[in-house]
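Structure data (compact mmCIF, C-alpha atoms and all ligand atoms) from coords_3.txt:
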# COMPACT_ATOMS: atom_id res chain seq x y z
CA MET A 1 93.36 78.04 150.40
CA LYS A 2 94.92 75.41 152.70
CA LEU A 3 92.94 75.92 155.92
CA ALA A 4 92.95 74.35 159.35
CA VAL A 5 90.14 74.54 161.90
CA THR A 6 91.26 74.49 165.55
CA TYR A 7 88.59 73.35 168.00
CA ASN A 8 87.81 71.50 171.23
CA VAL A 9 85.22 68.76 171.05
CA LYS A 10 82.80 67.70 173.79
CA ASN A 11 83.60 64.22 175.03
CA GLU A 12 80.31 63.21 176.58
CA ASP A 13 81.43 59.66 177.41
CA SER A 14 84.39 60.42 179.61
CA ALA A 15 82.67 60.86 182.98
CA ASN A 16 85.20 61.19 185.81
CA ALA A 17 85.27 61.92 189.51
CA ASP A 18 85.60 65.67 188.96
CA GLN A 19 82.48 65.72 186.81
CA ALA A 20 80.53 63.71 189.38
CA SER A 21 81.37 66.35 191.98
CA VAL A 22 80.36 69.18 189.59
CA SER A 23 76.94 67.52 189.17
CA ALA A 24 76.54 66.84 192.88
CA ASN A 25 77.31 70.46 193.69
CA ALA A 26 74.98 71.81 190.98
CA ALA A 27 72.16 69.59 192.23
CA LYS A 28 72.16 71.47 195.55
CA TYR A 29 71.31 74.75 193.86
CA ILE A 30 69.15 73.88 190.84
CA ASN A 31 65.37 73.45 191.10
CA ARG A 32 64.57 69.95 192.43
CA ASN A 33 62.19 69.01 189.58
CA LEU A 34 64.86 69.78 187.01
CA VAL A 35 67.47 67.77 188.90
CA GLU A 36 65.15 64.74 189.16
CA ASN A 37 63.99 64.82 185.55
CA TYR A 38 67.22 65.69 183.76
CA PRO A 39 70.16 64.61 185.94
CA GLU A 40 72.41 64.22 182.88
CA ARG A 41 72.17 67.96 182.15
CA LEU A 42 73.74 68.96 185.48
CA ASP A 43 77.29 68.33 184.35
CA ASP A 44 78.56 71.50 182.67
CA THR A 45 82.19 70.39 182.26
CA TYR A 46 82.05 70.57 178.47
CA ALA A 47 79.32 73.19 178.04
CA GLU A 48 81.68 75.60 176.25
CA TRP A 49 83.10 73.04 173.84
CA ASP A 50 81.68 72.16 170.43
CA SER A 51 79.95 68.98 169.31
CA MET A 52 81.40 66.98 166.43
CA GLU A 53 78.27 67.97 164.48
CA THR A 54 79.31 71.64 164.70
CA ILE A 55 82.94 70.94 163.81
CA ASP A 56 81.90 68.90 160.74
CA ALA A 57 79.52 71.69 159.68
CA ILE A 58 82.36 74.24 159.91
CA LYS A 59 84.61 72.00 157.80
CA SER A 60 81.98 71.54 155.14
CA ALA A 61 81.22 75.31 155.06
CA PHE A 62 84.83 75.98 154.01
CA GLU A 63 85.03 73.00 151.67
CA SER A 64 81.90 74.24 149.90
CA ALA A 65 83.82 77.48 149.20
CA GLY A 66 86.65 75.51 147.61
CA HIS A 67 89.16 75.41 150.51
CA SER A 68 90.97 72.31 151.72
CA VAL A 69 90.36 71.83 155.45
CA GLU A 70 92.25 69.94 158.16
CA LEU A 71 90.83 69.59 161.67
CA ILE A 72 93.24 70.15 164.55
CA GLU A 73 92.12 69.55 168.12
CA GLY A 74 93.17 72.33 170.51
CA ASP A 75 95.13 70.10 172.89
CA GLU A 76 98.80 69.73 173.87
CA HIS A 77 99.63 68.16 170.48
CA ALA A 78 98.23 71.09 168.50
CA TYR A 79 101.51 73.00 168.33
CA GLU A 80 103.43 70.17 166.62
CA LYS A 81 100.55 69.45 164.25
CA LEU A 82 100.24 73.10 163.20
CA LYS A 83 103.99 73.35 162.81
CA SER A 84 104.18 70.42 160.43
CA LEU A 85 100.94 71.14 158.54
CA LYS A 86 101.74 74.83 157.96
CA PRO A 87 98.20 75.88 156.98
CA GLU A 88 97.87 79.19 155.12
CA PHE A 89 95.14 80.31 157.52
CA VAL A 90 93.39 78.94 160.62
CA PHE A 91 89.73 79.29 161.52
CA ASN A 92 89.93 79.20 165.30
CA VAL A 93 87.05 78.14 167.55
CA ALA A 94 89.14 76.37 170.23
CA GLU A 95 88.06 77.16 173.78
CA GLY A 96 91.24 75.56 175.19
CA PHE A 97 91.51 73.85 178.52
CA ASN A 98 92.86 74.53 181.99
CA GLY A 99 93.11 77.98 183.48
CA ALA A 100 91.60 81.40 183.08
CA SER A 101 93.47 82.15 179.85
CA ARG A 102 92.61 78.85 178.16
CA GLU A 103 91.03 80.57 175.15
CA SER A 104 94.40 82.22 174.48
CA GLN A 105 96.29 78.94 174.14
CA ILE A 106 95.69 78.29 170.43
CA PRO A 107 96.03 81.98 169.41
CA SER A 108 99.41 82.06 171.27
CA MET A 109 100.65 78.96 169.44
CA LEU A 110 99.58 80.45 166.11
CA GLU A 111 101.26 83.77 166.92
CA MET A 112 104.51 81.95 167.79
CA LEU A 113 104.36 79.97 164.54
CA GLY A 114 103.43 83.04 162.48
CA ILE A 115 100.26 81.43 161.12
CA PRO A 116 97.41 83.92 160.55
CA PHE A 117 94.04 83.09 162.09
CA THR A 118 90.47 84.32 162.42
CA GLY A 119 89.30 86.25 165.45
CA SER A 120 90.96 88.12 168.27
CA ASP A 121 94.58 87.72 169.34
CA SER A 122 95.68 86.04 172.56
CA ILE A 123 95.64 89.27 174.60
CA THR A 124 92.09 90.32 173.71
CA ILE A 125 90.67 86.83 173.97
CA GLY A 126 92.27 86.41 177.40
CA ILE A 127 90.98 89.75 178.64
CA CYS A 128 87.42 89.04 177.47
CA HIS A 129 87.52 85.72 179.30
CA ASP A 130 88.27 87.46 182.60
CA LYS A 131 85.06 89.37 183.10
CA SER A 132 86.47 91.81 185.67
CA ARG A 133 89.58 92.73 183.62
CA CYS A 134 87.27 93.28 180.65
CA LYS A 135 84.94 95.51 182.67
CA GLU A 136 87.88 97.57 183.92
CA ILE A 137 88.78 98.45 180.31
CA LEU A 138 85.17 99.25 179.41
CA SER A 139 84.92 101.51 182.45
CA TYR A 140 88.13 103.33 181.50
CA TYR A 141 86.48 104.21 178.17
CA ASN A 142 83.16 105.14 179.85
CA ILE A 143 81.29 102.27 178.21
CA PRO A 144 78.34 101.48 180.50
CA ASN A 145 78.56 98.26 182.51
CA SER A 146 77.37 97.32 185.98
CA LYS A 147 79.30 98.24 189.15
CA PHE A 148 81.13 95.22 190.54
CA PHE A 149 83.69 93.68 192.85
CA ILE A 150 85.31 90.26 192.98
CA THR A 151 85.77 88.08 196.03
CA ASP A 152 86.35 84.48 197.05
CA SER A 153 85.51 85.00 200.70
CA PRO A 154 82.23 85.85 202.43
CA VAL A 155 81.09 89.48 202.59
CA LYS A 156 80.95 90.52 206.27
CA ASN A 157 79.25 93.86 206.04
CA ASP A 158 76.79 94.79 203.31
CA SER A 159 75.69 98.16 204.68
CA GLY A 160 75.38 100.52 201.75
CA PHE A 161 74.81 97.63 199.31
CA LYS A 162 72.09 97.99 196.72
CA TYR A 163 70.21 94.71 196.12
CA PRO A 164 69.49 92.74 193.97
CA LYS A 165 72.99 91.73 193.03
CA PHE A 166 74.09 89.20 190.44
CA VAL A 167 76.81 86.66 191.26
CA LYS A 168 78.69 84.67 188.63
CA PRO A 169 82.01 82.91 188.09
CA LEU A 170 84.82 85.27 187.06
CA HIS A 171 85.88 83.33 183.99
CA GLU A 172 83.34 80.93 182.54
CA GLY A 173 81.01 81.00 179.52
CA SER A 174 77.91 79.22 178.19
CA SER A 175 76.14 80.20 181.43
CA LYS A 176 78.34 77.77 183.41
CA GLY A 177 77.66 78.44 187.09
CA ILE A 178 74.97 81.04 186.34
CA TYR A 179 71.88 79.60 188.00
CA ASP A 180 68.54 81.04 188.95
CA SER A 181 70.10 81.47 192.41
CA SER A 182 72.71 83.91 190.96
CA LEU A 183 70.21 86.74 191.50
CA VAL A 184 70.51 87.54 195.21
CA LYS A 185 68.45 89.79 197.46
CA ASN A 186 70.29 89.71 200.79
CA LEU A 187 73.61 88.97 202.49
CA GLU A 188 72.83 85.31 203.17
CA GLU A 189 71.97 84.59 199.52
CA LEU A 190 75.02 86.55 198.39
CA ASN A 191 77.41 84.56 200.59
CA ASN A 192 75.81 81.24 199.55
CA GLU A 193 76.56 82.07 195.91
CA ILE A 194 80.13 83.18 196.62
CA ALA A 195 80.72 79.86 198.44
CA ARG A 196 79.05 77.88 195.64
CA ILE A 197 81.25 79.43 192.96
CA LYS A 198 84.41 78.92 194.99
CA SER A 199 83.66 75.25 195.67
CA SER A 200 82.33 74.36 192.19
CA TYR A 201 84.71 76.35 189.99
CA ARG A 202 87.69 77.13 192.25
CA GLN A 203 87.61 80.78 191.27
CA PRO A 204 86.45 84.13 192.66
CA ALA A 205 82.89 85.31 192.20
CA LEU A 206 82.09 88.46 190.24
CA VAL A 207 79.41 90.35 192.19
CA GLU A 208 77.59 92.89 190.02
CA ASP A 209 74.66 95.25 190.31
CA PHE A 210 71.69 93.57 188.61
CA ILE A 211 70.74 95.24 185.30
CA PRO A 212 66.95 94.88 185.23
CA GLY A 213 65.86 95.74 181.68
CA LYS A 214 65.49 94.03 178.33
CA GLU A 215 68.33 91.78 177.14
CA PHE A 216 69.95 91.56 173.71
CA THR A 217 72.79 89.74 172.06
CA VAL A 218 74.61 91.43 169.25
CA ALA A 219 76.55 89.68 166.47
CA MET A 220 79.45 91.73 165.08
CA LEU A 221 81.29 91.07 161.80
CA GLY A 222 84.30 92.80 160.21
CA ASN A 223 86.88 95.39 161.25
CA GLY A 224 87.52 99.13 161.12
CA ASP A 225 85.25 100.98 158.70
CA ASP A 226 83.79 97.65 157.53
CA LEU A 227 82.62 96.64 161.01
CA ARG A 228 78.94 95.58 160.78
CA VAL A 229 76.37 95.02 163.47
CA LEU A 230 74.15 92.14 162.32
CA PRO A 231 70.42 92.32 163.19
CA ILE A 232 70.15 92.54 166.97
CA VAL A 233 68.66 89.51 168.72
CA GLU A 234 66.38 90.25 171.69
CA ILE A 235 66.25 87.62 174.43
CA ASN A 236 62.53 87.15 175.09
CA LEU A 237 62.75 86.78 178.86
CA ASP A 238 58.92 86.51 179.02
CA SER A 239 59.39 82.95 177.75
CA VAL A 240 61.29 81.97 180.92
CA PRO A 241 58.95 79.62 182.83
CA GLU A 242 56.87 81.00 185.70
CA GLY A 243 58.70 80.96 189.02
CA PHE A 244 62.15 81.49 187.51
CA ASN A 245 64.07 84.77 187.38
CA LYS A 246 64.14 86.71 184.11
CA ILE A 247 67.73 85.85 183.27
CA TYR A 248 69.33 83.72 180.58
CA SER A 249 70.60 81.20 183.13
CA TYR A 250 72.09 77.72 182.84
CA GLU A 251 68.64 76.31 183.58
CA VAL A 252 67.09 78.29 180.69
CA LYS A 253 69.91 77.54 178.20
CA TRP A 254 70.38 73.84 178.96
CA PHE A 255 67.18 72.58 180.65
CA PHE A 256 64.29 74.60 179.20
CA ASP A 257 65.45 75.50 175.68
CA THR A 258 66.25 72.19 173.99
CA ARG A 259 66.20 70.93 170.42
CA GLU A 260 63.11 68.80 171.22
CA ASN A 261 61.35 71.58 173.08
CA GLN A 262 62.46 75.00 171.82
CA LEU A 263 61.59 78.05 173.92
CA ASP A 264 60.36 81.10 172.06
CA ILE A 265 63.42 82.83 173.47
CA PHE A 266 64.59 85.07 170.59
CA LYS A 267 63.14 87.98 168.65
CA CYS A 268 65.19 89.07 165.67
CA PRO A 269 65.44 91.89 164.87
CA ALA A 270 64.86 93.20 168.39
CA GLU A 271 61.61 95.06 168.98
CA VAL A 272 62.78 98.33 170.51
CA GLU A 273 62.53 102.00 169.60
CA LYS A 274 64.90 103.14 166.88
CA SER A 275 66.89 105.36 169.26
CA ILE A 276 67.54 102.47 171.66
CA TYR A 277 68.39 100.13 168.77
CA GLU A 278 70.95 102.61 167.48
CA HIS A 279 72.31 103.20 170.96
CA ILE A 280 72.92 99.43 171.36
CA GLU A 281 74.71 99.37 168.00
CA LYS A 282 76.95 102.25 169.05
CA VAL A 283 77.84 100.81 172.46
CA CYS A 284 78.70 97.46 170.83
CA LYS A 285 80.88 99.06 168.15
CA ASP A 286 82.71 101.08 170.80
CA THR A 287 83.20 97.91 172.86
CA PHE A 288 84.56 96.01 169.85
CA ASN A 289 87.01 98.80 169.11
CA VAL A 290 88.32 99.60 172.59
CA LEU A 291 88.96 95.91 173.30
CA ARG A 292 90.63 95.55 169.87
CA ILE A 293 88.43 92.59 168.96
CA LYS A 294 89.03 91.19 165.48
CA ASP A 295 86.70 89.87 162.75
CA TRP A 296 83.75 88.72 164.82
CA ALA A 297 82.20 88.55 168.29
CA ARG A 298 78.87 88.32 170.07
CA ILE A 299 78.19 90.93 172.72
CA ASP A 300 75.54 90.56 175.45
CA VAL A 301 73.73 93.74 176.51
CA ARG A 302 70.98 94.67 178.97
CA LEU A 303 69.12 97.95 179.41
CA ASP A 304 69.36 99.63 182.80
CA GLU A 305 66.53 101.51 184.52
CA ASN A 306 67.18 104.51 182.24
CA ASN A 307 67.15 102.39 179.05
CA VAL A 308 70.91 102.79 178.69
CA PRO A 309 72.52 99.71 177.09
CA ASN A 310 75.02 98.14 179.51
CA ILE A 311 77.56 95.55 178.38
CA ILE A 312 77.06 92.23 180.19
CA GLU A 313 79.93 90.34 178.56
CA ILE A 314 81.73 89.71 175.29
CA ASN A 315 82.22 86.45 173.41
CA PRO A 316 85.13 86.79 170.95
CA LEU A 317 84.51 83.13 169.98
CA PRO A 318 80.73 83.08 169.54
CA GLY A 319 78.84 79.77 169.54
CA ILE A 320 77.95 78.67 166.00
CA LEU A 321 75.62 75.69 166.17
CA PRO A 322 74.54 74.82 162.62
CA ASP A 323 71.02 73.50 163.26
CA PRO A 324 68.51 76.39 163.54
CA ALA A 325 66.59 74.22 166.08
CA ASP A 326 69.51 74.72 168.50
CA ASN A 327 68.81 78.44 168.90
CA SER A 328 72.37 79.67 168.35
CA CYS A 329 72.42 83.48 168.22
CA TYR A 330 75.29 84.29 165.84
CA PRO A 331 73.97 82.10 162.98
CA LYS A 332 70.46 83.36 163.75
CA ALA A 333 71.46 87.02 163.37
CA ALA A 334 73.34 86.14 160.17
CA ARG A 335 70.26 84.43 158.69
CA HIS A 336 68.31 87.65 159.28
CA ALA A 337 71.04 89.51 157.40
CA GLY A 338 70.60 87.10 154.46
CA MET A 339 73.62 84.87 155.18
CA ASP A 340 73.16 81.15 155.71
CA TYR A 341 75.56 79.12 157.84
CA ASN A 342 78.14 78.55 155.12
CA ALA A 343 77.95 82.16 153.97
CA VAL A 344 78.52 83.68 157.41
CA LEU A 345 81.48 81.44 158.27
CA ASN A 346 83.10 82.32 154.95
CA ALA A 347 82.35 85.99 155.59
CA VAL A 348 84.25 85.77 158.92
CA LEU A 349 87.18 84.08 157.16
CA ASN A 350 87.18 86.67 154.38
CA GLU A 351 87.18 89.54 156.89
CA ALA A 352 90.17 87.95 158.64
CA VAL A 353 92.05 87.44 155.35
CA LYS A 354 91.33 91.06 154.36
CA ARG A 355 92.59 92.33 157.74
CA HIS A 356 95.70 90.17 157.55
CA SER A 357 96.55 91.46 154.08
CA LYS A 358 96.63 95.01 155.52
CA GLU A 359 98.66 94.15 158.68
N1 LIG A 401 74.78 92.12 185.85
C1 LIG A 401 73.77 91.44 185.33
N2 LIG A 401 72.51 91.93 185.41
C2 LIG A 401 71.46 91.25 184.90
N3 LIG A 401 71.55 90.04 184.32
C3 LIG A 401 72.79 89.50 184.21
C4 LIG A 401 73.96 90.17 184.68
N4 LIG A 401 75.03 89.38 184.41
C5 LIG A 401 74.54 88.28 183.79
N5 LIG A 401 73.19 88.34 183.69
C6 LIG A 401 72.29 87.32 183.13
O1 LIG A 401 72.95 86.05 183.12
C7 LIG A 401 73.13 85.60 181.77
C8 LIG A 401 74.45 84.90 181.63
O2 LIG A 401 75.49 85.80 181.98
P1 LIG A 401 76.78 85.94 181.08
O3 LIG A 401 76.38 86.36 179.71
O4 LIG A 401 77.74 86.80 181.82
O5 LIG A 401 77.28 84.43 181.08
P2 LIG A 401 78.10 83.59 180.04
O6 LIG A 401 78.18 82.22 180.62
O7 LIG A 401 79.40 84.26 179.73
O8 LIG A 401 77.18 83.62 178.74
P3 LIG A 401 77.39 82.99 177.27
O9 LIG A 401 76.56 81.75 177.26
O10 LIG A 401 76.81 84.09 176.43
O11 LIG A 401 78.85 82.74 177.10
C9 LIG A 401 72.98 86.83 180.92
O12 LIG A 401 72.58 86.48 179.61
C10 LIG A 401 71.93 87.62 181.68
O13 LIG A 401 70.60 87.12 181.47
MG MG A 402 76.49 85.61 177.83

Starting from the coordinates I provided, produce the structure as structure tokens.
Amino acid sequence: MKLAVTYNVKNEDSANADQASVSANAAKYINRNLVENYPERLDDTYAEWDSMETIDAIKSAFESAGHSVELIEGDEHAYEKLKSLKPEFVFNVAEGFNGASRESQIPSMLEMLGIPFTGSDSITIGICHDKSRCKEILSYYNIPNSKFFITDSPVKNDSGFKYPKFVKPLHEGSSKGIYDSSLVKNLEELNNEIARIKSSYRQPALVEDFIPGKEFTVAMLGNGDDLRVLPIVEINLDSVPEGFNKIYSYEVKWFFDTRENQLDIFKCPAEVEKSIYEHIEKVCKDTFNVLRIKDWARIDVRLDENNVPNIIEINPLPGILPDPADNSCYPKAARHAGMDYNAVLNAVLNEAVKRHSKE
């Protein structure tokens, strides 16, 4: 098949004034030792985008299955390139840029051009990227998720509030803006975080009840009756260094768990009672279906005080780092299901082709 891969690549060399201010802001909130020892990791501008190593690995996965593959960067030239190339199918991992609905940009172009592609359409991808809109839909269908509100101004009166609360940017991923300080225990901490998110990310903060229990991330593959839950990955929060909150924060993802120094952060399959395991599978399938997700996704879940799985957030474009030393959850879950990197990417493509043939 004549395939194109749409993507956005990290450009580590292009430091600019905006990035310098992101780093300066982050440095005020992140642990001082981390800031002094790893100043280069403060800048999260491109945290969501892929490295060229990942994009090349995706290309070679499809070439190894006999497809021809063109790479198309998800920028303002993508539309013209797709229009003249006319690929038969697109494997889309583009995160887009600018604005809350940036992940919808490439799907919208492909929809306009009538080119079929892997993954969710522009509506679903946009909704999942706005964590409050996504939670509103889950709540409508009675799918458990934490109580929340959004705000970009200080809270004046917190009487009746239940602490701790968790404060994060409304529409970011890859733990951008989710620091150890996101877990707040009083009004002063809460308002500091709301101000931090407004000044660093120019967006409202999502203030949620903190879900205290075990954490999981769940790789989904397929559609309809063929929807599969791959082996559930448990986030081993006991491996978070002493003195830091038990959350999968930016510090944990990008400072502590590195290729050179891997944290023992995952257990796969998750070590929980069968009934809880099955409950997580059910909640994730329901989530996938009510949001009309397509082909694949990775869903983050935490158990509440009653061991009920609550949805934390949904990634309709899951990270797919090829090197097992990079601790990427979707490929990890696939390996436990007997699919190596090339096999799982081709499985996603085949699910999309199968769906498209029925549409
Ligand atoms: N309401 C909550 N209660 C408890 N922990 C939370 C809550 N929201 C987020 N967290 C913690 O913060 C982490 C990051 O949050 P979240 O998954 O929303 O961010 P993200 O940037 O979209 O993640 P990803 O890297 O998966 O795209 C979670 O993995 C979890 O450890
Ligand atoms: Mg997450």

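If you measure from each of A:Leu82, A:Ala343, A:Ala195, A:Leu237 to ligand LIG 401 (chain A) using all atoms listed in the file, the closest one turns out to be A:Leu237.
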
For chain A versus ligand LIG 401 (chain A), which residues have an atom no more than 6 Å away, and what is each residue's nearest atom pair and distance in Å rounded to one decimal, using all atoms listed in the file, chain-then-number order, as a tab-separated table?
residue	atom	partner	partner_atom	distance
A:Ser146	CA	A:LIG401	N1	5.8
A:Phe166	CA	A:LIG401	N1	5.5
A:Glu172	CA	A:LIG401	O6	5.7
A:Gly173	CA	A:LIG401	O6	3.3
A:Ser174	CA	A:LIG401	O9	3.0
A:Ser175	CA	A:LIG401	O6	3.0
A:Lys176	CA	A:LIG401	O6	5.3
A:Glu208	CA	A:LIG401	N1	5.1
A:Asp209	CA	A:LIG401	N1	5.5
A:Phe210	CA	A:LIG401	N2	3.7
A:Ile211	CA	A:LIG401	N2	3.8
A:Pro212	CA	A:LIG401	C2	5.8
A:Ile247	CA	A:LIG401	O13	3.6
A:Tyr248	CA	A:LIG401	O13	3.7
A:Ser249	CA	A:LIG401	C7	5.3
A:Ile312	CA	A:LIG401	N4	5.5
A:Glu313	CA	A:LIG401	O4	5.3

Just the selected residues (C-alpha atoms), exported as a PDB file, in the coordinates of the input, please.
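Here's the written file selection02.pdb:
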ATOM      1  CA  SER A 146      77.370  97.320 185.980  1.00  0.00           C
ATOM      2  CA  PHE A 166      74.090  89.200 190.440  1.00  0.00           C
ATOM      3  CA  GLU A 172      83.340  80.930 182.540  1.00  0.00           C
ATOM      4  CA  GLY A 173      81.010  81.000 179.520  1.00  0.00           C
ATOM      5  CA  SER A 174      77.910  79.220 178.190  1.00  0.00           C
ATOM      6  CA  SER A 175      76.140  80.200 181.430  1.00  0.00           C
ATOM      7  CA  LYS A 176      78.340  77.770 183.410  1.00  0.00           C
ATOM      8  CA  GLU A 208      77.590  92.890 190.020  1.00  0.00           C
ATOM      9  CA  ASP A 209      74.660  95.250 190.310  1.00  0.00           C
ATOM     10  CA  PHE A 210      71.690  93.570 188.610  1.00  0.00           C
ATOM     11  CA  ILE A 211      70.740  95.240 185.300  1.00  0.00           C
ATOM     12  CA  PRO A 212      66.950  94.880 185.230  1.00  0.00           C
ATOM     13  CA  ILE A 247      67.730  85.850 183.270  1.00  0.00           C
ATOM     14  CA  TYR A 248      69.330  83.720 180.580  1.00  0.00           C
ATOM     15  CA  SER A 249      70.600  81.200 183.130  1.00  0.00           C
ATOM     16  CA  ILE A 312      77.060  92.230 180.190  1.00  0.00           C
ATOM     17  CA  GLU A 313      79.930  90.340 178.560  1.00  0.00           C
TER      18      GLU A 313
END

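Between Leu321 in chain A and the residues A:His67, A:Lys168, A:Lys131, A:Arg259, the shortest atom-to-atom distance, using only C-alpha atoms, involves A:Arg259.
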
### Query
Could you list, as a ChimeraX atom specification, all the residues within 12 Å of ligand MG 402 (chain A), counting all atoms listed in the file?
/A:48,128-129,131,168-169,171-178,215-218,235,247-250,253,297-302,311-319,328-329

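The closest residue to Val348 in chain A, picked from A:Pro331, A:Pro164, A:Pro324, A:Pro204 and counting all atoms listed in the file, is A:Pro331.
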
#### Entry: Close residues, Asn346 in chain A itself excluded, 9 Å, all atoms listed in the file, min 4 positions apart in chain, as a list in words
Ala61, Phe62, Ala65, Tyr341, Asn342, Asn350 and Glu351 of chain A

### Query
Any idea what's packed within 12 Å of Asn142 in chain A, counting all atoms listed in the file, ignoring anything in its chain fewer than 6 positions away? Could you give it as a ChimeraX atom specification?
/A:135-136,283,286-287,290,310-311

### Task
Tell me which protein, DNA and RNA residues are within 8 Å of Glu95 in chain A, counting all atoms listed in the file, leaving out same-chain ones fewer than 6 positions away, and put them as a ChimeraX atom specification.
/A:7-8,48-49,74,102-103,317

Keeping C-alpha atoms, export the residues of the selection given above as a CSV table (one decimal), keeping the file's coordinate frame.
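Contents of the output file result_18.csv:
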chain,number,residue,atom,x,y,z
A,7,TYR,CA,88.6,73.4,168.0
A,8,ASN,CA,87.8,71.5,171.2
A,48,GLU,CA,81.7,75.6,176.2
A,49,TRP,CA,83.1,73.0,173.8
A,74,GLY,CA,93.2,72.3,170.5
A,102,ARG,CA,92.6,78.8,178.2
A,103,GLU,CA,91.0,80.6,175.2
A,317,LEU,CA,84.5,83.1,170.0

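Taking CA of Ala352 in chain A and CA of Gly338 in chain A as the two end points, the separation is 20.0 Å.
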